[in-house]
Amino acid sequence: MDRTSPLDMNFSPAASEAFIPLRGFRNPHLQTLLPRILRRSNLLRPHWQRLDLPDGDFVDLAWSEDPAQAAHKPRMVLFHGLEGSVDSPYAHGLMHACQQRGWLAVIMHFRGCSGAPNRLQRIYHSGETEDAAFFLQWLRTTWGDVPTAAVGVSLGGNMLACLMGKQGHDCLLDAGVVISAPLMLEPCSARLEEGFSRFYQHYLLGLLKKNATRKLNAFPGTLPIDLLQLRQIKKLRQFDDAITARAHGFSDATDYYRRASAMPLLQGVRKPMLILHARDDPFMTDAVIPSPAQLSDCITYQLSAYGGHVGFVGGTLMQPEMWLERRVPDWLSHWLDTQ
């Protein structure tokens with residue numbers, strides 16, 4: 001199996017698994033933005049549940065259906081990207097695709113990302129695995145031990161890779177998929193300050209500041225800065241310096257980026273994992289592309305030439321296809337369709 005080809009590094013043998021972009025729409029920015037244009041309405045009505053955490057905070061869960069009626073089904077857990085939610089096109093799209101396969105899907109919203117500000121003096125970040133670990137244990141204890149896989153997207157993908165790398169054989173998942181993850185945070189932060197990628201920085205920073213404002217209004221003093229200081233932040237790195245790092249015990253953004261990047265932990269993964277990247281991802285640089293030596297034997301790595309950031313739109317103009325909604329369930333079916 002060749003792991004050295006520089007482009008379309010698909011470590012899976014089947015050519016049918018390769019991503020082919022929608023003709024005329026292979027531009028990385030078009031690929032990145034198309035899902036939001038094509039998926040304007042949620043494909044499912046989520047069943048909501050609030051999960052209290054051991055430290056007195058909470059996370060909100062959105063299920064594809066009432067788990068009390070579907071606890072016997074195989075499960076797909078989804079960890080969203082920065083300021084994502086069940087309303088993100090990739091989230092409800094993947095959940096709907098898994099529901100169509102007969103699986104139970106659930107998204108664990110990171111603290112403060114469900115629309116309700118969290119209570120404590122912390123939020124979430126790319127390497128924060130404690131909530132996910134607690135949730136997966138609660139999932140098994142409360143709803144039974146059935147085949148369970150997780151999908152992590154962007155920030156959530158880095159977090160999932162950190163979790164599976166840290167836990168090794170003890171990980172409660174049967175398999176995991178990591179999509180468009182910034183496996184090295186420092187170069188990805190720098191990339192978002194260059195060229196058209198600054199558009200994404202502006203958009204994401206706007207969401208972060210809106211969420212932080214909501215939190216400070218609801219629970220004053222629960223972030224390391226006040227509203228006036230928040231308004232002065234102009235870059236994601238400044239946000240990570242002033243809030244993310246200080247709220248979670250890092251000395252600064254550089255320390256956070258170094259300690260929360262998943263790349264150094266990939267050798268510790270002991271459960272099957274699929275990593276999907278696009279070489280033209282406008283959020284990334286080649287620094288996120290692992291070498292074969294950085295991957296454990298449990299990891300399948302697929303690098304497509306095109307796809308943008310969590311885009312991967314193929315098919316035709318008359319019938320566009322969200323490739324992730326086929327590729328991910330197809331790969332997970334080996335572990336979730338066990339009967």
# chains A, B, ... in the order shown; residues from 1 in each chain; ligands from 1
>>> residues_around(residues="A:Ser85", least_positions_apart="6", cutoff="12 Å", atoms="only C-alpha atoms", output="list in words")
Asn42, Pro46, Val59, Asp60, Leu61, Ala62, Trp63, Leu78, Phe79, Ala91, His92, Gly93, Met95, Val106, Ile107, Met108, His109, Phe110, Arg111, Gly112, Cys113, Ser114, Gly115, Ala116, Val153, Gly156 and Leu207 of chain A
>>> write_last_selection(atoms="C-alpha atoms", output="short mmCIF file (atom, residue, chain, number, x, y, z; two decimals), in the first residue's frame")
data_model
loop_
_atom_site.label_atom_id
_atom_site.label_comp_id
_atom_site.auth_asym_id
_atom_site.auth_seq_id
_atom_site.Cartn_x
_atom_site.Cartn_y
_atom_site.Cartn_z
CA ASN A 42 -32.25 21.20 8.73
CA PRO A 46 -33.57 16.81 16.74
CA VAL A 59 -23.66 20.29 27.53
CA ASP A 60 -26.69 19.97 25.28
CA LEU A 61 -27.28 16.87 23.17
CA ALA A 62 -29.24 16.78 19.92
CA TRP A 63 -30.35 13.28 18.90
CA LEU A 78 -20.67 13.80 16.19
CA PHE A 79 -18.31 16.47 17.53
CA ALA A 91 -23.82 18.15 11.17
CA HIS A 92 -27.45 17.56 10.31
CA GLY A 93 -26.41 16.18 6.91
CA MET A 95 -26.76 12.78 11.18
CA VAL A 106 -26.24 12.35 18.44
CA ILE A 107 -24.24 15.57 18.51
CA MET A 108 -22.63 16.69 21.74
CA HIS A 109 -22.57 20.47 21.63
CA PHE A 110 -19.45 21.87 23.21
CA ARG A 111 -20.07 24.16 26.17
CA GLY A 112 -21.98 27.26 25.11
CA CYS A 113 -22.54 26.15 21.50
CA SER A 114 -26.20 25.12 21.70
CA GLY A 115 -27.47 28.69 22.06
CA ALA A 116 -27.43 28.69 25.87
CA VAL A 153 -15.27 17.84 12.16
CA GLY A 156 -14.06 18.61 16.77
CA LEU A 207 -19.34 33.99 15.98
#
>>> residues_around(residues="stretch 255-264 of chain A", least_positions_apart="4", cutoff="7 Å", atoms="only C-alpha atoms", output="ChimeraX atom specification")
/A:126-127,158,161-162,183-186,245,250-251
>>> closest_residue(among="A:Met76, A:Ile225, A:Ala133, A:Leu34", to="A:Met322", atoms="only C-alpha atoms")
A:Leu34
>>> closest_residue(among="A:Leu236, A:Asp145, A:His47, A:Val269", to="A:Phe199", atoms="only C-alpha atoms")
A:Leu236
>>> closest_residue(among="A:Asp297, A:Asp252, A:Asp174, A:Glu17", to="A:Asp330", atoms="only C-alpha atoms")
A:Glu17
>>> residues_around(residues="stretch 276-278 of chain A", least_positions_apart="6", cutoff="12 Å", atoms="only C-alpha atoms", output="NGL selection string")
:A and (7-12 or 17-21 or 26-29 or 31-32 or 151-154 or 157-158 or 176-183 or 284-290 or 299-313 or 323-324 or 327-328 or 331)
>>> write_last_selection(atoms="C-alpha atoms", output="PDB file, in the first residue's frame")
ATOM      1  CA  LEU A   7      -1.358  14.027  -4.187  1.00  0.00           C
ATOM      2  CA  ASP A   8      -4.617  12.166  -3.591  1.00  0.00           C
ATOM      3  CA  MET A   9      -2.913  10.157  -0.859  1.00  0.00           C
ATOM      4  CA  ASN A  10      -5.720   7.680  -0.510  1.00  0.00           C
ATOM      5  CA  PHE A  11      -4.450   4.913   1.726  1.00  0.00           C
ATOM      6  CA  SER A  12      -7.639   2.968   0.975  1.00  0.00           C
ATOM      7  CA  GLU A  17     -13.809   5.977  -2.483  1.00  0.00           C
ATOM      8  CA  ALA A  18     -11.994   8.912  -4.121  1.00  0.00           C
ATOM      9  CA  PHE A  19     -13.575  12.366  -4.085  1.00  0.00           C
ATOM     10  CA  ILE A  20     -14.399  13.928  -7.467  1.00  0.00           C
ATOM     11  CA  PRO A  21     -15.491  17.582  -7.201  1.00  0.00           C
ATOM     12  CA  ARG A  26     -13.480  22.604  -7.632  1.00  0.00           C
ATOM     13  CA  ASN A  27     -12.292  26.013  -6.355  1.00  0.00           C
ATOM     14  CA  PRO A  28     -11.590  25.528  -2.621  1.00  0.00           C
ATOM     15  CA  HIS A  29     -13.694  28.503  -1.537  1.00  0.00           C
ATOM     16  CA  GLN A  31     -16.302  23.880  -2.136  1.00  0.00           C
ATOM     17  CA  THR A  32     -16.167  25.336   1.378  1.00  0.00           C
ATOM     18  CA  VAL A 151     -17.103  11.683  13.757  1.00  0.00           C
ATOM     19  CA  GLY A 152     -15.171  14.858  14.514  1.00  0.00           C
ATOM     20  CA  VAL A 153     -15.273  17.838  12.163  1.00  0.00           C
ATOM     21  CA  SER A 154     -12.579  20.552  12.042  1.00  0.00           C
ATOM     22  CA  GLY A 157     -11.892  16.390  14.595  1.00  0.00           C
ATOM     23  CA  ASN A 158      -8.709  17.568  16.297  1.00  0.00           C
ATOM     24  CA  GLY A 176     -13.618   7.298  14.569  1.00  0.00           C
ATOM     25  CA  VAL A 177     -13.596   9.619  11.551  1.00  0.00           C
ATOM     26  CA  VAL A 178     -11.676  12.912  11.567  1.00  0.00           C
ATOM     27  CA  ILE A 179     -12.665  15.461   8.896  1.00  0.00           C
ATOM     28  CA  SER A 180     -10.745  18.619   7.891  1.00  0.00           C
ATOM     29  CA  ALA A 181      -9.009  18.759  11.256  1.00  0.00           C
ATOM     30  CA  PRO A 182      -6.306  21.349  12.074  1.00  0.00           C
ATOM     31  CA  LEU A 183      -3.937  18.714  13.448  1.00  0.00           C
ATOM     32  CA  MET A 284      -4.905  24.563   6.495  1.00  0.00           C
ATOM     33  CA  THR A 285      -1.293  24.269   5.351  1.00  0.00           C
ATOM     34  CA  ASP A 286       0.755  21.196   4.477  1.00  0.00           C
ATOM     35  CA  ALA A 287       1.772  21.112   8.144  1.00  0.00           C
ATOM     36  CA  VAL A 288      -1.464  19.254   8.908  1.00  0.00           C
ATOM     37  CA  ILE A 289      -0.596  16.430   6.491  1.00  0.00           C
ATOM     38  CA  PRO A 290       0.965  13.637   8.557  1.00  0.00           C
ATOM     39  CA  ILE A 299      -5.232   4.968  10.934  1.00  0.00           C
ATOM     40  CA  THR A 300      -6.394   5.185   7.325  1.00  0.00           C
ATOM     41  CA  TYR A 301      -5.411   8.541   5.846  1.00  0.00           C
ATOM     42  CA  GLN A 302      -7.066  10.002   2.743  1.00  0.00           C
ATOM     43  CA  LEU A 303      -5.831  13.232   1.194  1.00  0.00           C
ATOM     44  CA  SER A 304      -7.856  14.562  -1.737  1.00  0.00           C
ATOM     45  CA  ALA A 305      -6.557  17.172  -4.138  1.00  0.00           C
ATOM     46  CA  TYR A 306      -9.810  19.132  -3.835  1.00  0.00           C
ATOM     47  CA  GLY A 307     -12.639  19.565  -1.354  1.00  0.00           C
ATOM     48  CA  GLY A 308     -12.008  22.794   0.539  1.00  0.00           C
ATOM     49  CA  HIS A 309     -12.812  22.896   4.247  1.00  0.00           C
ATOM     50  CA  VAL A 310     -15.580  20.430   5.142  1.00  0.00           C
ATOM     51  CA  GLY A 311     -16.859  20.855   1.598  1.00  0.00           C
ATOM     52  CA  PHE A 312     -16.389  17.823  -0.631  1.00  0.00           C
ATOM     53  CA  VAL A 313     -19.338  18.562  -2.923  1.00  0.00           C
ATOM     54  CA  TRP A 323     -19.615  13.161  -0.641  1.00  0.00           C
ATOM     55  CA  LEU A 324     -18.967  13.045   3.113  1.00  0.00           C
ATOM     56  CA  ARG A 327     -17.983   8.203   2.371  1.00  0.00           C
ATOM     57  CA  VAL A 328     -18.272   8.431   6.153  1.00  0.00           C
ATOM     58  CA  TRP A 331     -16.527   3.445   6.074  1.00  0.00           C
TER      59      TRP A 331
END
>>> select_by_dssp(residues="stretch 81-138 of chain A", states="strand (DSSP E or B)", output="list in words")
Leu104, Ala105, Val106, Ile107 and Met108 of chain A
>>> write_last_selection(atoms="N, CA and C atoms", output="short mmCIF file (atom, residue, chain, number, x, y, z; two decimals), in the first residue's frame")
data_model
loop_
_atom_site.label_atom_id
_atom_site.label_comp_id
_atom_site.auth_asym_id
_atom_site.auth_seq_id
_atom_site.Cartn_x
_atom_site.Cartn_y
_atom_site.Cartn_z
N LEU A 104 -28.55 5.40 15.26
CA LEU A 104 -28.92 6.52 16.13
C LEU A 104 -27.76 7.51 16.13
N ALA A 105 -28.05 8.75 15.81
CA ALA A 105 -27.00 9.78 15.76
C ALA A 105 -27.24 10.81 16.86
N VAL A 106 -26.14 11.32 17.40
CA VAL A 106 -26.24 12.35 18.44
C VAL A 106 -25.05 13.29 18.32
N ILE A 107 -25.32 14.57 18.48
CA ILE A 107 -24.24 15.57 18.51
C ILE A 107 -24.13 16.10 19.92
N MET A 108 -22.91 16.08 20.45
CA MET A 108 -22.63 16.69 21.74
C MET A 108 -22.15 18.11 21.49
#
>>> decode(residues="stretch 56-71 of chain A", atoms="N, CA and C atoms", output="mmCIF file, in the first residue's frame")
data_model
loop_
_atom_site.group_PDB
_atom_site.id
_atom_site.type_symbol
_atom_site.label_atom_id
_atom_site.label_comp_id
_atom_site.auth_asym_id
_atom_site.auth_seq_id
_atom_site.Cartn_x
_atom_site.Cartn_y
_atom_site.Cartn_z
ATOM 1 N N GLY A 56 -20.588 20.817 37.495
ATOM 2 C CA GLY A 56 -21.724 21.715 37.678
ATOM 3 C C GLY A 56 -22.147 22.452 36.424
ATOM 4 N N ASP A 57 -21.440 22.250 35.342
ATOM 5 C CA ASP A 57 -21.810 22.852 34.065
ATOM 6 C C ASP A 57 -22.671 21.856 33.280
ATOM 7 N N PHE A 58 -22.875 22.115 31.986
ATOM 8 C CA PHE A 58 -23.726 21.233 31.188
ATOM 9 C C PHE A 58 -23.303 21.288 29.726
ATOM 10 N N VAL A 59 -23.706 20.263 28.998
ATOM 11 C CA VAL A 59 -23.663 20.287 27.534
ATOM 12 C C VAL A 59 -25.027 19.843 27.036
ATOM 13 N N ASP A 60 -25.408 20.338 25.867
ATOM 14 C CA ASP A 60 -26.694 19.973 25.282
ATOM 15 C C ASP A 60 -26.483 18.963 24.161
ATOM 16 N N LEU A 61 -27.335 17.943 24.165
ATOM 17 C CA LEU A 61 -27.283 16.874 23.174
ATOM 18 C C LEU A 61 -28.444 17.034 22.200
ATOM 19 N N ALA A 62 -28.184 16.801 20.939
ATOM 20 C CA ALA A 62 -29.237 16.784 19.924
ATOM 21 C C ALA A 62 -29.206 15.411 19.255
ATOM 22 N N TRP A 63 -30.263 14.635 19.425
ATOM 23 C CA TRP A 63 -30.351 13.281 18.899
ATOM 24 C C TRP A 63 -31.149 13.271 17.591
ATOM 25 N N SER A 64 -30.866 12.305 16.759
ATOM 26 C CA SER A 64 -31.648 12.145 15.531
ATOM 27 C C SER A 64 -33.047 11.628 15.816
ATOM 28 N N GLU A 65 -33.228 11.001 16.970
ATOM 29 C CA GLU A 65 -34.541 10.551 17.438
ATOM 30 C C GLU A 65 -34.446 10.314 18.944
ATOM 31 N N ASP A 66 -35.560 10.063 19.578
ATOM 32 C CA ASP A 66 -35.586 9.836 21.021
ATOM 33 C C ASP A 66 -34.760 8.593 21.353
ATOM 34 N N PRO A 67 -33.679 8.735 22.118
ATOM 35 C CA PRO A 67 -32.849 7.566 22.410
ATOM 36 C C PRO A 67 -33.576 6.492 23.211
ATOM 37 N N ALA A 68 -34.599 6.886 23.941
ATOM 38 C CA ALA A 68 -35.355 5.897 24.702
ATOM 39 C C ALA A 68 -36.060 4.896 23.791
ATOM 40 N N GLN A 69 -36.336 5.307 22.559
ATOM 41 C CA GLN A 69 -36.994 4.431 21.599
ATOM 42 C C GLN A 69 -36.005 3.769 20.647
ATOM 43 N N ALA A 70 -34.717 4.129 20.763
ATOM 44 C CA ALA A 70 -33.738 3.645 19.777
ATOM 45 C C ALA A 70 -32.412 3.242 20.414
ATOM 46 N N ALA A 71 -32.445 2.902 21.704
ATOM 47 C CA ALA A 71 -31.208 2.598 22.416
ATOM 48 C C ALA A 71 -30.515 1.349 21.884
#
